[in-house]
file work_27.txt (compact mmCIF, C-alpha atoms)
# COMPACT_ATOMS: atom_id res chain seq x y z
CA MET D 1122 18.21 -4.23 -16.98
CA GLU D 1123 20.68 -1.59 -18.18
CA ASP D 1124 18.48 1.31 -17.03
CA SER D 1125 17.47 -0.31 -13.73
CA ASP D 1126 19.12 -0.05 -10.32
CA ILE D 1127 16.82 -2.68 -8.82
CA PHE D 1128 15.86 -5.45 -11.23
CA LEU D 1129 13.89 -8.63 -10.53
CA SER D 1130 12.82 -11.07 -13.24
CA ASP D 1131 10.77 -14.26 -12.77
CA VAL D 1132 11.93 -14.60 -9.16
CA ASN D 1133 10.72 -17.51 -7.03
CA LYS D 1134 11.37 -18.19 -3.38
CA TYR D 1135 10.33 -21.15 -1.25
CA PHE D 1136 10.52 -21.70 2.49
CA LYS D 1137 10.35 -25.47 2.86
CA ASP D 1138 7.17 -26.36 0.96
CA VAL D 1139 5.66 -22.86 1.01
CA HIS D 1140 5.87 -20.91 -2.27
CA ILE D 1141 6.53 -17.36 -0.98
CA LEU D 1142 7.34 -15.50 -4.22
CA LYS D 1143 5.82 -16.59 -7.53
CA ASP D 1144 7.59 -15.41 -10.70
CA ILE D 1145 7.76 -11.80 -9.54
CA SER D 1146 9.23 -9.18 -11.87
CA PHE D 1147 9.67 -5.41 -11.54
CA LYS D 1148 12.36 -2.76 -11.84
CA ALA D 1149 13.19 0.60 -10.30
CA LYS D 1150 15.79 3.24 -11.08
CA LYS D 1151 17.40 6.35 -9.68
CA GLY D 1152 15.25 9.45 -9.73
CA GLN D 1153 12.21 7.52 -8.48
CA ILE D 1154 10.44 7.15 -5.17
CA PHE D 1155 9.19 3.61 -5.61
CA GLY D 1156 6.38 2.33 -3.38
CA PHE D 1157 6.18 -1.40 -2.64
CA LEU D 1158 2.69 -2.25 -1.36
CA GLY D 1159 0.84 -5.32 -0.21
CA PRO D 1160 -0.98 -6.89 2.76
CA ASN D 1161 0.90 -8.50 5.63
CA GLY D 1162 2.33 -11.82 4.49
CA ALA D 1163 2.26 -10.83 0.81
CA GLY D 1164 6.02 -11.27 0.34
CA LYS D 1165 7.31 -7.70 0.81
CA THR D 1166 9.91 -8.43 3.47
CA THR D 1167 11.20 -11.49 1.62
CA THR D 1168 11.59 -9.39 -1.53
CA ILE D 1169 13.48 -6.67 0.34
CA LYS D 1170 15.87 -9.27 1.80
CA LEU D 1171 16.55 -10.58 -1.72
CA ILE D 1172 17.27 -7.05 -2.97
CA LEU D 1173 19.69 -6.48 -0.08
CA GLY D 1174 21.41 -9.85 -0.53
CA LEU D 1175 20.22 -11.20 2.81
CA LEU D 1176 18.46 -14.11 1.08
CA LYS D 1177 19.07 -16.01 -2.14
CA GLN D 1178 16.30 -16.61 -4.66
CA ASP D 1179 15.55 -20.18 -5.70
CA ASN D 1180 15.40 -19.13 -9.35
CA GLY D 1181 15.09 -16.00 -11.43
CA VAL D 1182 17.24 -12.86 -11.53
CA VAL D 1183 17.79 -10.36 -8.69
CA ASN D 1184 20.18 -7.48 -9.37
CA THR D 1185 20.84 -4.43 -7.23
CA LEU D 1186 23.14 -1.81 -8.75
CA GLY D 1187 24.03 -4.35 -11.42
CA MET D 1188 24.79 -7.43 -9.34
CA ASN D 1189 23.35 -10.08 -7.05
CA LEU D 1190 24.38 -8.95 -3.58
CA TYR D 1191 24.03 -12.44 -2.10
CA LYS D 1192 27.34 -13.37 -3.72
CA ASP D 1193 30.20 -13.19 -1.22
CA SER D 1194 32.82 -11.06 -2.94
CA ILE D 1195 34.74 -7.81 -2.60
CA GLU D 1196 32.57 -6.34 -5.37
CA SER D 1197 29.41 -7.30 -3.49
CA ILE D 1198 30.67 -5.74 -0.26
CA ASN D 1199 31.63 -2.54 -2.07
CA THR D 1200 28.21 -2.39 -3.74
CA LYS D 1201 26.41 -2.82 -0.42
CA GLU D 1202 28.22 0.28 0.85
CA ARG D 1203 26.34 2.26 -1.83
CA ILE D 1204 22.99 1.30 -0.26
CA GLY D 1205 21.25 2.57 2.86
CA ALA D 1206 18.64 0.39 4.57
CA MET D 1207 16.09 1.23 7.25
CA LEU D 1208 14.33 -1.96 8.32
CA ASP D 1209 11.96 -2.85 11.18
CA PHE D 1210 14.79 -3.18 13.70
CA HIS D 1211 16.57 0.16 13.84
CA GLY D 1212 19.62 -1.13 15.76
CA LEU D 1213 20.03 1.98 17.92
CA ASN D 1214 21.74 1.78 21.32
CA PHE D 1215 19.28 3.38 23.75
CA LYS D 1216 21.99 4.26 26.29
CA MET D 1217 24.07 6.20 23.76
CA THR D 1218 23.25 9.69 22.53
CA GLY D 1219 21.97 10.32 19.04
CA LEU D 1220 25.36 11.66 17.93
CA GLU D 1221 27.23 8.73 19.48
CA ASN D 1222 24.94 6.27 17.70
CA LEU D 1223 25.60 7.86 14.33
CA ILE D 1224 29.37 8.13 14.83
CA TYR D 1225 29.46 4.46 15.79
CA CYS D 1226 27.48 3.54 12.63
CA GLY D 1227 29.75 5.73 10.51
CA LYS D 1228 32.82 3.88 11.81
CA LEU D 1229 31.12 0.59 10.89
CA TYR D 1230 30.94 1.96 7.34
CA GLY D 1231 34.72 2.32 7.50
CA LEU D 1232 34.82 6.07 8.03
CA ARG D 1233 37.51 7.71 10.15
CA TYR D 1234 36.24 9.23 13.41
CA SER D 1235 36.48 12.79 12.09
CA ASP D 1236 34.58 11.91 8.89
CA ALA D 1237 32.00 9.87 10.81
CA LYS D 1238 31.36 12.81 13.15
CA TYR D 1239 31.13 15.28 10.25
CA ASN D 1240 28.61 13.09 8.38
CA ALA D 1241 26.67 12.44 11.58
CA LEU D 1242 26.29 16.15 12.36
CA LYS D 1243 25.27 16.83 8.76
CA ALA D 1244 22.57 14.10 8.92
CA ILE D 1245 21.36 15.32 12.32
CA LYS D 1246 20.90 18.81 10.89
CA LYS D 1247 18.94 17.46 7.91
CA LEU D 1248 16.64 15.48 10.23
CA GLU D 1249 16.22 18.49 12.58
CA LEU D 1250 17.59 16.71 15.65
CA CYS D 1251 20.29 19.22 16.65
CA GLU D 1252 18.70 19.96 20.03
CA TRP D 1253 18.62 16.23 20.84
CA LYS D 1254 21.98 15.06 19.50
CA ASP D 1255 23.58 14.85 22.96
CA LYS D 1256 20.65 13.15 24.68
CA PRO D 1257 20.33 9.36 25.07
CA ILE D 1258 17.92 7.57 22.75
CA TYR D 1259 15.65 6.44 25.59
CA GLN D 1260 14.56 10.09 25.90
CA TYR D 1261 13.53 10.27 22.23
CA SER D 1262 9.94 10.07 21.02
CA HIS D 1263 9.02 7.41 18.46
CA GLY D 1264 9.14 10.02 15.70
CA MET D 1265 12.63 11.14 16.72
CA GLU D 1266 13.81 7.52 16.80
CA LYS D 1267 12.55 7.12 13.23
CA ARG D 1268 14.34 10.29 12.17
CA LEU D 1269 17.60 9.16 13.77
CA SER D 1270 17.24 5.74 12.14
CA PHE D 1271 16.77 7.52 8.80
CA ALA D 1272 19.85 9.65 9.53
CA LYS D 1273 21.82 6.42 10.02
CA THR D 1274 20.90 5.24 6.51
CA ILE D 1275 22.26 8.37 4.78
CA LEU D 1276 25.63 8.62 6.57
CA ASN D 1277 27.53 7.24 3.57
CA ASP D 1278 25.54 9.21 0.95
CA PRO D 1279 23.94 6.08 -0.57
CA GLU D 1280 22.68 5.83 -4.13
CA ILE D 1281 19.73 3.67 -3.06
CA LEU D 1282 17.64 3.83 0.11
CA ILE D 1283 15.62 0.73 1.08
CA LEU D 1284 13.00 1.77 3.63
CA ASP D 1285 10.55 -0.49 5.46
CA GLU D 1286 7.62 1.50 6.89
CA PRO D 1287 9.63 4.74 7.30
CA THR D 1288 6.63 6.82 8.45
CA ASN D 1289 4.78 4.19 10.48
CA GLY D 1290 3.42 5.71 13.69
CA VAL D 1291 5.35 8.97 13.45
CA ASP D 1292 4.02 12.40 14.40
CA PRO D 1293 3.04 14.87 11.64
CA ALA D 1294 6.20 16.97 12.06
CA SER D 1295 8.49 13.94 11.69
CA ARG D 1296 6.45 12.70 8.73
CA LEU D 1297 6.92 16.03 6.93
CA ILE D 1298 10.68 16.07 7.62
CA LEU D 1299 11.11 12.52 6.29
CA ARG D 1300 8.91 13.24 3.27
CA ASP D 1301 10.80 16.39 2.31
CA LEU D 1302 14.16 14.65 2.63
CA MET D 1303 13.05 11.71 0.46
CA ILE D 1304 11.82 14.11 -2.22
CA GLU D 1305 15.11 16.03 -2.05
CA MET D 1306 17.08 12.81 -2.46
CA LYS D 1307 14.96 11.76 -5.44
CA GLU D 1308 15.64 15.12 -7.07
CA ASN D 1309 19.36 14.46 -6.50
CA ASN D 1310 18.99 11.27 -8.57
CA LYS D 1311 18.77 8.80 -5.69
CA LEU D 1312 16.41 5.82 -5.69
CA ILE D 1313 14.06 5.61 -2.71
CA PHE D 1314 12.48 2.14 -2.45
CA MET D 1315 9.90 2.11 0.33
CA SER D 1316 7.57 -0.57 1.62
CA SER D 1317 4.61 0.94 3.42
CA HIS D 1318 0.99 0.53 4.51
CA ASP D 1319 0.65 4.33 4.62
CA LEU D 1320 -1.24 4.70 1.34
CA GLU D 1321 -1.85 8.42 1.80
CA GLU D 1322 1.89 9.00 2.10
CA ILE D 1323 2.55 6.75 -0.92
CA GLN D 1324 0.20 8.88 -3.01
CA LYS D 1325 1.87 12.11 -1.91
CA ILE D 1326 5.49 11.22 -2.63
CA CYS D 1327 5.84 8.13 -4.84
CA THR D 1328 6.40 8.32 -8.58
CA ASP D 1329 6.05 4.58 -9.22
CA LEU D 1330 4.87 1.50 -7.38
CA ALA D 1331 4.49 -2.26 -7.39
CA ILE D 1332 1.72 -4.14 -5.60
CA ILE D 1333 2.24 -7.68 -4.37
CA ASN D 1334 -0.30 -10.11 -2.92
CA LYS D 1335 0.11 -13.80 -2.13
CA GLY D 1336 3.56 -13.72 -3.66
CA LYS D 1337 2.44 -12.35 -7.04
CA ILE D 1338 2.93 -8.90 -8.55
CA LEU D 1339 -0.50 -7.45 -9.37
CA PHE D 1340 0.70 -4.11 -10.74
CA HIS D 1341 3.96 -2.40 -11.66
CA GLY D 1342 4.13 1.10 -13.13
CA SER D 1343 3.66 4.80 -12.47
CA ILE D 1344 1.27 6.21 -9.88
CA LYS D 1345 -0.66 7.92 -12.68
CA LYS D 1346 -1.06 4.68 -14.61
CA PHE D 1347 -2.26 2.94 -11.45
CA GLN D 1348 -4.85 5.61 -10.69
CA ASP D 1349 -6.08 5.60 -14.29
CA GLU D 1350 -6.52 1.82 -14.29
CA PHE D 1351 -7.75 1.04 -10.78
CA SER D 1352 -8.99 4.14 -8.97
CA GLU D 1353 -12.52 5.42 -9.42
CA LYS D 1354 -12.86 8.94 -10.74
CA THR D 1355 -15.27 11.59 -9.52
CA TYR D 1356 -16.90 13.66 -12.29
CA TYR D 1357 -18.08 17.21 -11.67
CA LEU D 1358 -20.51 18.76 -14.17
CA VAL D 1359 -22.21 22.16 -14.27
CA PHE D 1360 -25.33 22.57 -16.44
CA LYS D 1361 -26.87 25.64 -18.04
CA THR D 1362 -30.18 25.07 -16.25
CA ASN D 1363 -31.58 22.89 -13.48
CA SER D 1364 -34.01 21.26 -15.91
CA GLU D 1365 -31.16 20.13 -18.16
CA ARG D 1366 -29.40 18.80 -15.08
CA GLU D 1367 -32.48 16.74 -14.18
CA LYS D 1368 -32.81 15.34 -17.72
CA TYR D 1369 -29.17 14.23 -17.57
CA ILE D 1370 -29.57 12.56 -14.19
CA GLU D 1371 -32.70 10.75 -15.32
CA LYS D 1372 -31.02 9.48 -18.49
CA TYR D 1373 -27.91 8.12 -16.72
CA ARG D 1374 -29.34 7.22 -13.32
CA ASN D 1375 -28.46 3.52 -13.82
CA ASN D 1376 -24.91 4.34 -14.93
CA ILE D 1377 -23.80 6.47 -11.99
CA LYS D 1378 -23.43 6.26 -8.21
CA ASN D 1379 -22.44 8.53 -5.30
CA LEU D 1380 -24.53 11.28 -6.88
CA GLU D 1381 -24.42 14.67 -5.18
CA ILE D 1382 -26.39 17.72 -6.34
CA LYS D 1383 -25.80 21.38 -5.52
CA ASP D 1384 -27.87 23.70 -7.68
CA ARG D 1385 -26.65 23.22 -11.28
CA LEU D 1386 -23.52 21.30 -10.14
CA ILE D 1387 -23.55 17.51 -9.85
CA SER D 1388 -20.81 15.05 -8.95
CA PHE D 1389 -20.80 11.27 -9.30
CA THR D 1390 -18.73 8.16 -10.01
CA LEU D 1391 -19.46 5.60 -12.70
CA ILE D 1392 -20.85 2.12 -12.09
CA ASN D 1393 -18.55 -0.52 -13.61
CA ASN D 1394 -17.08 1.98 -16.09
CA HIS D 1395 -20.43 2.61 -17.80
CA ASN D 1396 -20.40 5.28 -20.48
CA VAL D 1397 -22.06 8.67 -20.15
CA ASP D 1398 -21.97 11.66 -22.49
CA PHE D 1399 -19.76 14.55 -21.38
CA LYS D 1400 -19.99 16.55 -24.65
CA LEU D 1401 -23.53 17.87 -24.45
CA ASN D 1402 -24.14 21.56 -25.11
CA SER D 1403 -26.01 21.72 -21.81
CA ILE D 1404 -22.77 21.07 -19.91
CA ILE D 1405 -20.81 24.27 -19.39
CA PHE D 1406 -18.09 22.91 -17.07
CA LYS D 1407 -16.46 19.52 -16.53
CA PHE D 1408 -13.80 18.45 -14.03
CA ILE D 1409 -12.46 14.94 -13.39
CA GLU D 1410 -10.79 14.05 -10.11
CA ALA D 1411 -8.94 10.73 -9.77
CA LYS D 1412 -9.63 9.06 -6.47
CA SER D 1413 -6.96 7.98 -4.04
CA VAL D 1414 -4.26 5.32 -4.34
CA GLU D 1415 -5.96 3.74 -1.33
CA ASP D 1416 -9.17 3.35 -3.32
CA GLY D 1417 -7.31 1.72 -6.22
CA TYR D 1418 -5.27 -0.47 -3.89
CA PHE D 1419 -8.35 -1.99 -2.28
CA ASN D 1420 -9.95 -2.44 -5.70
CA ILE D 1421 -7.00 -4.42 -7.06
CA ILE D 1422 -6.61 -6.53 -3.91
CA LYS D 1423 -10.34 -7.28 -3.83
CA ARG D 1424 -10.28 -8.23 -7.51
CA GLU D 1425 -7.39 -10.63 -6.88
CA GLU D 1426 -9.10 -12.18 -3.86
CA GLU D 1427 -12.28 -12.80 -5.86
CA SER D 1428 -10.52 -14.29 -8.90
call {"tool": "encode", "arguments": {"input": "work_27.txt", "output": "structure tokens"}}
result
Amino acid sequence: MEDSDIFLSDVNKYFKDVHILKDISFKAKKGQIFGFLGPNGAGKTTTIKLILGLLKQDNGVVNTLGMNLYKDSIESINTKERIGAMLDFHGLNFKMTGLENLIYCGKLYGLRYSDAKYNALKAIKKLELCEWKDKPIYQYSHGMEKRLSFAKTILNDPEILILDEPTNGVDPASRLILRDLMIEMKENNKLIFMSSHDLEEIQKICTDLAIINKGKILFHGSIKKFQDEFSEKTYYLVFKTNSEREKYIEKYRNNIKNLEIKDRLISFTLINNHNVDFKLNSIIFKFIEAKSVEDGYFNIIKREEES
């Protein structure tokens, strides 16, 4: 727990007679972009509320920045001020301008007006909303609303960002702006904890992830470890001659699938991790490409559903 900024151990949560979270455990620390994945109803939102201190676990340990934030104390309140959260409901006032919204939020953080305005303008610049800062929110596109909501979460320079679907439904330009800012914050030793169904985005920016389904953690670790364990790999081989290529295909036809042939180059994936020989003298080039996080995600969920 000492090296973790979010730490859950054997956590259970019930709503009446429904067992929502079942002995879940994982940890995340600063310097990571941590993806939290799972189908609708898997327990993601409940977990996020526990991390933020909005709910109390029935048993187990939940610590955020070293303490359980559900406890009502001065220390808990001070710790919460070190966290930024962007949840489903963005809480923006549509009649106020973007700048007015951020100044108002900054004052809620306890900032003086001058400091709130300074931080707001700085966040607006980072999110590339300068041209829209004096326009009311009802004139904003969905992508600009998301960017302004993100700006709200970084007003107090938080150590941890908790983000629920930060790129859901946004335009490509807004997606790139949000992605670059999250990567910049990670490099500045912040922890970005994001729940998302956008598996392509998770693959591009996350360093680590946890997958939850039916209240149970199915995987917790690095993106690389996840791809190695659950994603299919595509193998590319180049042979000295076409005849040697054909001999190879004939020998391993029952071990491979998705076979594609282009002259002396072939590509394929393995069936159920069957073995093939990659060290033959007839092979002059080999390249292995790990498939997507999306591929691995559906594999692990399907495996859990069938077990």
call {"tool": "atom_distance", "arguments": {"input": "work_27.txt", "atom1": "CA of Phe1351 in chain D", "atom2": "CA of Lys1383 in chain D"}}
result
27.7 Å
call {"tool": "residues_around", "arguments": {"input": "work_27.txt", "residues": "Ser1270 in chain D", "least_positions_apart": "6", "cutoff": "9 Å", "atoms": "only C-alpha atoms", "output": "ChimeraX atom specification"}}
result
/D:1207,1211-1213,1223
call {"tool": "closest_atom_pairs", "arguments": {"input": "work_27.txt", "of": "range 1170-1289 of chain D", "to": "range 1320-1329 of chain D", "cutoff": "12 Å", "atoms": "all atoms listed in the file", "output": "tab-separated table"}}
result
residue	atom	partner	partner_atom	distance
D:Glu1286	CA	D:Glu1322	CA	10.6
D:Pro1287	CA	D:Glu1322	CA	10.3
D:Thr1288	CA	D:Glu1322	CA	8.2
D:Asn1289	CA	D:Glu1322	CA	10.1
call {"tool": "residues_around", "arguments": {"input": "work_27.txt", "residues": "Asp1349 in chain D", "least_positions_apart": "3", "cutoff": "12 Å", "atoms": "all atoms listed in the file", "output": "MDAnalysis selection string"}}
result
chainID D and resid 1342:1346 1352:1355 1394 1409:1414 1416:1417
call {"tool": "write_last_selection", "arguments": {"input": "work_27.txt", "atoms": "C-alpha atoms", "output": "mmCIF file, in the coordinates of the input"}}
result
data_model
loop_
_atom_site.group_PDB
_atom_site.id
_atom_site.type_symbol
_atom_site.label_atom_id
_atom_site.label_comp_id
_atom_site.auth_asym_id
_atom_site.auth_seq_id
_atom_site.Cartn_x
_atom_site.Cartn_y
_atom_site.Cartn_z
ATOM 1 C CA GLY D 1342 4.130 1.100 -13.130
ATOM 2 C CA SER D 1343 3.660 4.800 -12.470
ATOM 3 C CA ILE D 1344 1.270 6.210 -9.880
ATOM 4 C CA LYS D 1345 -0.660 7.920 -12.680
ATOM 5 C CA LYS D 1346 -1.060 4.680 -14.610
ATOM 6 C CA SER D 1352 -8.990 4.140 -8.970
ATOM 7 C CA GLU D 1353 -12.520 5.420 -9.420
ATOM 8 C CA LYS D 1354 -12.860 8.940 -10.740
ATOM 9 C CA THR D 1355 -15.270 11.590 -9.520
ATOM 10 C CA ASN D 1394 -17.080 1.980 -16.090
ATOM 11 C CA ILE D 1409 -12.460 14.940 -13.390
ATOM 12 C CA GLU D 1410 -10.790 14.050 -10.110
ATOM 13 C CA ALA D 1411 -8.940 10.730 -9.770
ATOM 14 C CA LYS D 1412 -9.630 9.060 -6.470
ATOM 15 C CA SER D 1413 -6.960 7.980 -4.040
ATOM 16 C CA VAL D 1414 -4.260 5.320 -4.340
ATOM 17 C CA ASP D 1416 -9.170 3.350 -3.320
ATOM 18 C CA GLY D 1417 -7.310 1.720 -6.220
#
call {"tool": "residues_around", "arguments": {"input": "work_27.txt", "residues": "Ser1295 in chain D", "least_positions_apart": "3", "cutoff": "7 Å", "atoms": "all atoms listed in the file", "output": "mmCIF file with C-alpha atoms, in the frame of the given file"}}
result
data_model
loop_
_atom_site.group_PDB
_atom_site.id
_atom_site.type_symbol
_atom_site.label_atom_id
_atom_site.label_comp_id
_atom_site.auth_asym_id
_atom_site.auth_seq_id
_atom_site.Cartn_x
_atom_site.Cartn_y
_atom_site.Cartn_z
ATOM 1 C CA GLY D 1264 9.140 10.020 15.700
ATOM 2 C CA ARG D 1268 14.340 10.290 12.170
ATOM 3 C CA VAL D 1291 5.350 8.970 13.450
ATOM 4 C CA ASP D 1292 4.020 12.400 14.400
ATOM 5 C CA ILE D 1298 10.680 16.070 7.620
ATOM 6 C CA LEU D 1299 11.110 12.520 6.290
#
call {"tool": "closest_atom_pairs", "arguments": {"input": "work_27.txt", "of": "range 1274-1338 of chain D", "to": "range 1227-1251 of chain D", "cutoff": "12 Å", "atoms": "all atoms listed in the file", "output": "JSON lines"}}
result
{"residue": "D:Thr1274", "atom": "CA", "partner": "D:Ala1244", "partner_atom": "CA", "distance": 9.3}
{"residue": "D:Ile1275", "atom": "CA", "partner": "D:Ala1244", "partner_atom": "CA", "distance": 7.1}
{"residue": "D:Leu1276", "atom": "CA", "partner": "D:Asn1240", "partner_atom": "CA", "distance": 5.7}
{"residue": "D:Asn1277", "atom": "CA", "partner": "D:Tyr1230", "partner_atom": "CA", "distance": 7.3}
{"residue": "D:Asp1278", "atom": "CA", "partner": "D:Asn1240", "partner_atom": "CA", "distance": 8.9}
{"residue": "D:Pro1279", "atom": "CA", "partner": "D:Tyr1230", "partner_atom": "CA", "distance": 11.3}
{"residue": "D:Ala1294", "atom": "CA", "partner": "D:Glu1249", "partner_atom": "CA", "distance": 10.1}
{"residue": "D:Ser1295", "atom": "CA", "partner": "D:Leu1248", "partner_atom": "CA", "distance": 8.4}
{"residue": "D:Arg1296", "atom": "CA", "partner": "D:Leu1248", "partner_atom": "CA", "distance": 10.7}
{"residue": "D:Leu1297", "atom": "CA", "partner": "D:Leu1248", "partner_atom": "CA", "distance": 10.3}
{"residue": "D:Ile1298", "atom": "CA", "partner": "D:Leu1248", "partner_atom": "CA", "distance": 6.5}
{"residue": "D:Leu1299", "atom": "CA", "partner": "D:Leu1248", "partner_atom": "CA", "distance": 7.4}
{"residue": "D:Arg1300", "atom": "CA", "partner": "D:Leu1248", "partner_atom": "CA", "distance": 10.6}
{"residue": "D:Asp1301", "atom": "CA", "partner": "D:Leu1248", "partner_atom": "CA", "distance": 9.9}
{"residue": "D:Leu1302", "atom": "CA", "partner": "D:Lys1247", "partner_atom": "CA", "distance": 7.7}
{"residue": "D:Met1303", "atom": "CA", "partner": "D:Leu1248", "partner_atom": "CA", "distance": 11.1}
{"residue": "D:Glu1305", "atom": "CA", "partner": "D:Lys1247", "partner_atom": "CA", "distance": 10.8}
{"residue": "D:Met1306", "atom": "CA", "partner": "D:Lys1247", "partner_atom": "CA", "distance": 11.5}
call {"tool": "atom_distance", "arguments": {"input": "work_27.txt", "atom1": "CA of Phe1155 in chain D", "atom2": "CA of Ser1130 in chain D"}}
result
16.9 Å
call {"tool": "atom_distance", "arguments": {"input": "work_27.txt", "atom1": "CA of Asn1214 in chain D", "atom2": "CA of Glu1252 in chain D"}}
result
18.5 Å
call {"tool": "residues_around", "arguments": {"input": "work_27.txt", "residues": "Ser1125 in chain D", "least_positions_apart": "5", "cutoff": "8 Å", "atoms": "all atoms listed in the file", "output": "list of chain:residue names"}}
result
D:Lys1148, D:Ala1149, D:Lys1150, D:Lys1151, D:Leu1186
call {"tool": "build_atoms", "arguments": {"input": "work_27.txt", "residues": "range 1286-1293 of chain D", "atoms": "all heavy atoms", "output": "JSON list (two decimals), in the frame of the given file"}}
result
[["chain", "number", "residue", "atom", "x", "y", "z"],
["D", 1286, "GLU", "N", 8.54, 0.72, 6.05],
["D", 1286, "GLU", "CA", 7.62, 1.50, 6.89],
["D", 1286, "GLU", "C", 8.30, 2.72, 7.52],
["D", 1286, "GLU", "O", 8.30, 2.87, 8.75],
["D", 1286, "GLU", "CB", 7.02, 0.60, 7.99],
["D", 1286, "GLU", "CG", 6.15, -0.53, 7.49],
["D", 1286, "GLU", "CD", 4.81, -0.05, 6.96],
["D", 1286, "GLU", "OE1", 4.49, 1.14, 7.13],
["D", 1286, "GLU", "OE2", 4.10, -0.87, 6.37],
["D", 1287, "PRO", "N", 8.88, 3.61, 6.72],
["D", 1287, "PRO", "CA", 9.63, 4.74, 7.30],
["D", 1287, "PRO", "C", 8.77, 5.73, 8.07],
["D", 1287, "PRO", "O", 9.29, 6.43, 8.95],
["D", 1287, "PRO", "CB", 10.25, 5.40, 6.07],
["D", 1287, "PRO", "CG", 9.35, 5.02, 4.94],
["D", 1287, "PRO", "CD", 8.88, 3.63, 5.25],
["D", 1288, "THR", "N", 7.48, 5.83, 7.77],
["D", 1288, "THR", "CA", 6.63, 6.82, 8.45],
["D", 1288, "THR", "C", 5.61, 6.18, 9.38],
["D", 1288, "THR", "O", 4.69, 6.85, 9.84],
["D", 1288, "THR", "CB", 5.91, 7.70, 7.42],
["D", 1288, "THR", "OG1", 5.10, 6.87, 6.57],
["D", 1288, "THR", "CG2", 6.90, 8.47, 6.57],
["D", 1289, "ASN", "N", 5.75, 4.89, 9.66],
["D", 1289, "ASN", "CA", 4.78, 4.19, 10.48],
["D", 1289, "ASN", "C", 4.76, 4.75, 11.91],
["D", 1289, "ASN", "O", 5.76, 4.71, 12.62],
["D", 1289, "ASN", "CB", 5.10, 2.70, 10.52],
["D", 1289, "ASN", "CG", 4.08, 1.92, 11.34],
["D", 1289, "ASN", "OD1", 2.89, 2.19, 11.30],
["D", 1289, "ASN", "ND2", 4.56, 0.95, 12.11],
["D", 1290, "GLY", "N", 3.61, 5.27, 12.32],
["D", 1290, "GLY", "CA", 3.42, 5.71, 13.69],
["D", 1290, "GLY", "C", 4.11, 7.01, 14.07],
["D", 1290, "GLY", "O", 4.17, 7.34, 15.25],
["D", 1291, "VAL", "N", 4.62, 7.76, 13.10],
["D", 1291, "VAL", "CA", 5.35, 8.97, 13.45],
["D", 1291, "VAL", "C", 4.39, 10.16, 13.54],
["D", 1291, "VAL", "O", 3.30, 10.15, 12.97],
["D", 1291, "VAL", "CB", 6.47, 9.28, 12.44],
["D", 1291, "VAL", "CG1", 7.44, 8.11, 12.32],
["D", 1291, "VAL", "CG2", 5.92, 9.65, 11.08],
["D", 1292, "ASP", "N", 4.81, 11.19, 14.25],
["D", 1292, "ASP", "CA", 4.02, 12.40, 14.40],
["D", 1292, "ASP", "C", 4.06, 13.19, 13.09],
["D", 1292, "ASP", "O", 4.94, 12.99, 12.25],
["D", 1292, "ASP", "CB", 4.57, 13.25, 15.55],
["D", 1292, "ASP", "CG", 6.03, 13.61, 15.33],
["D", 1292, "ASP", "OD1", 6.88, 12.75, 15.63],
["D", 1292, "ASP", "OD2", 6.31, 14.72, 14.84],
["D", 1293, "PRO", "N", 3.10, 14.12, 12.90],
["D", 1293, "PRO", "CA", 3.04, 14.87, 11.64],
["D", 1293, "PRO", "C", 4.32, 15.63, 11.30],
["D", 1293, "PRO", "O", 4.71, 15.71, 10.13],
["D", 1293, "PRO", "CB", 1.86, 15.83, 11.86],
["D", 1293, "PRO", "CG", 0.99, 15.12, 12.84],
["D", 1293, "PRO", "CD", 1.93, 14.39, 13.75]]
